[in-house]
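J.: Contents of final-v2.tsv (TSV, C-alpha atoms) are below:
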chain	number	residue	atom	x	y	z
A	150	MET	CA	-81.70	1.47	-3.51
A	151	SER	CA	-79.65	-0.49	-1.00
A	152	SER	CA	-76.80	-2.68	-2.18
A	153	ARG	CA	-77.40	-5.06	0.74
A	154	HIS	CA	-79.25	-8.31	0.10
A	155	GLY	CA	-81.13	-10.90	2.11
A	156	LYS	CA	-79.70	-14.33	2.80
A	157	HIS	CA	-81.55	-17.61	3.27
A	158	ARG	CA	-79.56	-20.16	5.26
A	159	CYS	CA	-80.19	-23.52	6.85
A	160	SER	CA	-79.16	-23.45	10.51
A	161	THR	CA	-76.74	-26.34	9.91
A	162	LYS	CA	-74.40	-23.74	8.35
A	163	PHE	CA	-74.10	-21.66	11.56
A	164	GLY	CA	-70.53	-21.75	12.85
A	165	CYS	CA	-69.16	-23.51	9.76
A	166	ILE	CA	-66.05	-22.23	8.00
A	167	ALA	CA	-66.67	-21.86	4.28
A	168	ALA	CA	-64.12	-22.35	1.52
A	169	HIS	CA	-64.93	-18.84	0.27
A	170	ARG	CA	-66.63	-15.71	1.55
A	171	VAL	CA	-69.99	-14.79	0.07
A	172	CYS	CA	-70.11	-11.42	1.79
A	173	ARG	CA	-69.31	-9.74	5.09
A	174	ILE	CA	-71.94	-9.80	7.82
A	175	ASP	CA	-72.82	-6.18	7.04
A	176	GLY	CA	-73.33	-7.06	3.36
A	177	PHE	CA	-76.96	-8.13	3.76
A	178	ASN	CA	-79.98	-6.71	5.57
A	179	SER	CA	-81.91	-9.85	6.54
A	180	LEU	CA	-81.35	-13.49	7.41
A	181	ILE	CA	-84.11	-16.06	7.04
A	182	THR	CA	-83.39	-19.43	8.65
A	183	ASP	CA	-85.04	-22.44	10.24
A	184	ARG	CA	-83.51	-22.06	13.73
A	185	ALA	CA	-82.36	-19.13	15.85
A	186	PRO	CA	-78.59	-18.54	15.74
A	187	ASN	CA	-76.42	-18.60	18.86
A	188	THR	CA	-76.10	-15.43	20.94
A	189	GLU	CA	-72.82	-14.37	19.33
A	190	LEU	CA	-74.20	-14.50	15.78
A	191	HIS	CA	-77.51	-12.94	16.84
A	192	THR	CA	-75.62	-10.02	18.43
A	193	ALA	CA	-73.41	-9.59	15.35
A	194	LEU	CA	-76.48	-9.49	13.10
A	195	ALA	CA	-78.10	-6.87	15.33
A	196	HIS	CA	-74.96	-4.70	15.33
A	197	ALA	CA	-74.79	-4.99	11.53
A	198	GLY	CA	-78.42	-3.82	11.29
A	199	ALA	CA	-79.69	-7.08	9.78
A	200	SER	CA	-83.14	-8.40	10.60
A	201	LEU	CA	-83.65	-12.04	11.55
A	202	LEU	CA	-86.64	-14.21	10.62
A	203	VAL	CA	-86.82	-17.73	12.04
A	204	THR	CA	-89.35	-19.91	10.23
Have the structure of the file written as structure tokens, please.

T.:
Amino acid sequence: MSSRHGKHRCSTKFGCIAAHRVCRIDGFNSLITDRAPNTELHTALAHAGASLLVT
């Protein structure tokens, strides 16, 4: 069983600096959001092996 988890995020959080880290970008295997991320984040997700679902 994988220790990576999916994340659900509203696109308003893209590019924001959080007060704490939930996990590294390679700490989850999927991102479900309401808007496509910018190219930099999309590329980072792809390199980390995470799938992206825009709803």

J.: What does the structure give for the distance between CA of Leu201 in chain A and CA of Glu189 in chain A, in Å to one decimal?

T.: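 Distance reported for this atom pair: 13.5 Å.
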
J.: Quick one: 3 Å padding each side, axis-aligned, all listed atoms of range 188-197 of chain A - centre and edge lengths in Å to one decimal, as JSON?

T.:
{"center_x": -75.5, "center_y": -10.1, "center_z": 16.2, "size_x": 11.3, "size_y": 16.7, "size_z": 15.4}

J.: A:Leu190, A:Val203, A:Ala185, A:Ala197: which is nearest Gly164 in chain A, counting only C-alpha atoms?

T.: A:Leu190

J.: How many Å lie between CA of His196 in chain A and CA of Leu180 in chain A, rounded to one decimal?

T.: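 Atom-to-atom, CA of His196 in chain A and CA of Leu180 in chain A are spaced 13.4 Å apart.
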
J.: Which polymer residues have any atom within 10 Å of an atom of Leu202 in chain A, counting all atoms listed in the file, with same-chain residues fewer than 5 positions away left out, as a VMD selection string?

T.: chain A and resid 157 179 to 185

J.: Atoms to include: C-alpha atoms. Write the selected residues as a PDB file, in the frame of the given file.

T.:
ATOM      1  CA  HIS A 157     -81.550 -17.610   3.270  1.00  0.00           C
ATOM      2  CA  SER A 179     -81.910  -9.850   6.540  1.00  0.00           C
ATOM      3  CA  LEU A 180     -81.350 -13.490   7.410  1.00  0.00           C
ATOM      4  CA  ILE A 181     -84.110 -16.060   7.040  1.00  0.00           C
ATOM      5  CA  THR A 182     -83.390 -19.430   8.650  1.00  0.00           C
ATOM      6  CA  ASP A 183     -85.040 -22.440  10.240  1.00  0.00           C
ATOM      7  CA  ARG A 184     -83.510 -22.060  13.730  1.00  0.00           C
ATOM      8  CA  ALA A 185     -82.360 -19.130  15.850  1.00  0.00           C
TER       9      ALA A 185
END

J.: Could you check how far CA of Phe177 in chain A sits from CA of Ala199 in chain A, in Å to one decimal?

T.: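 Interatomic distance here is 6.7 Å.
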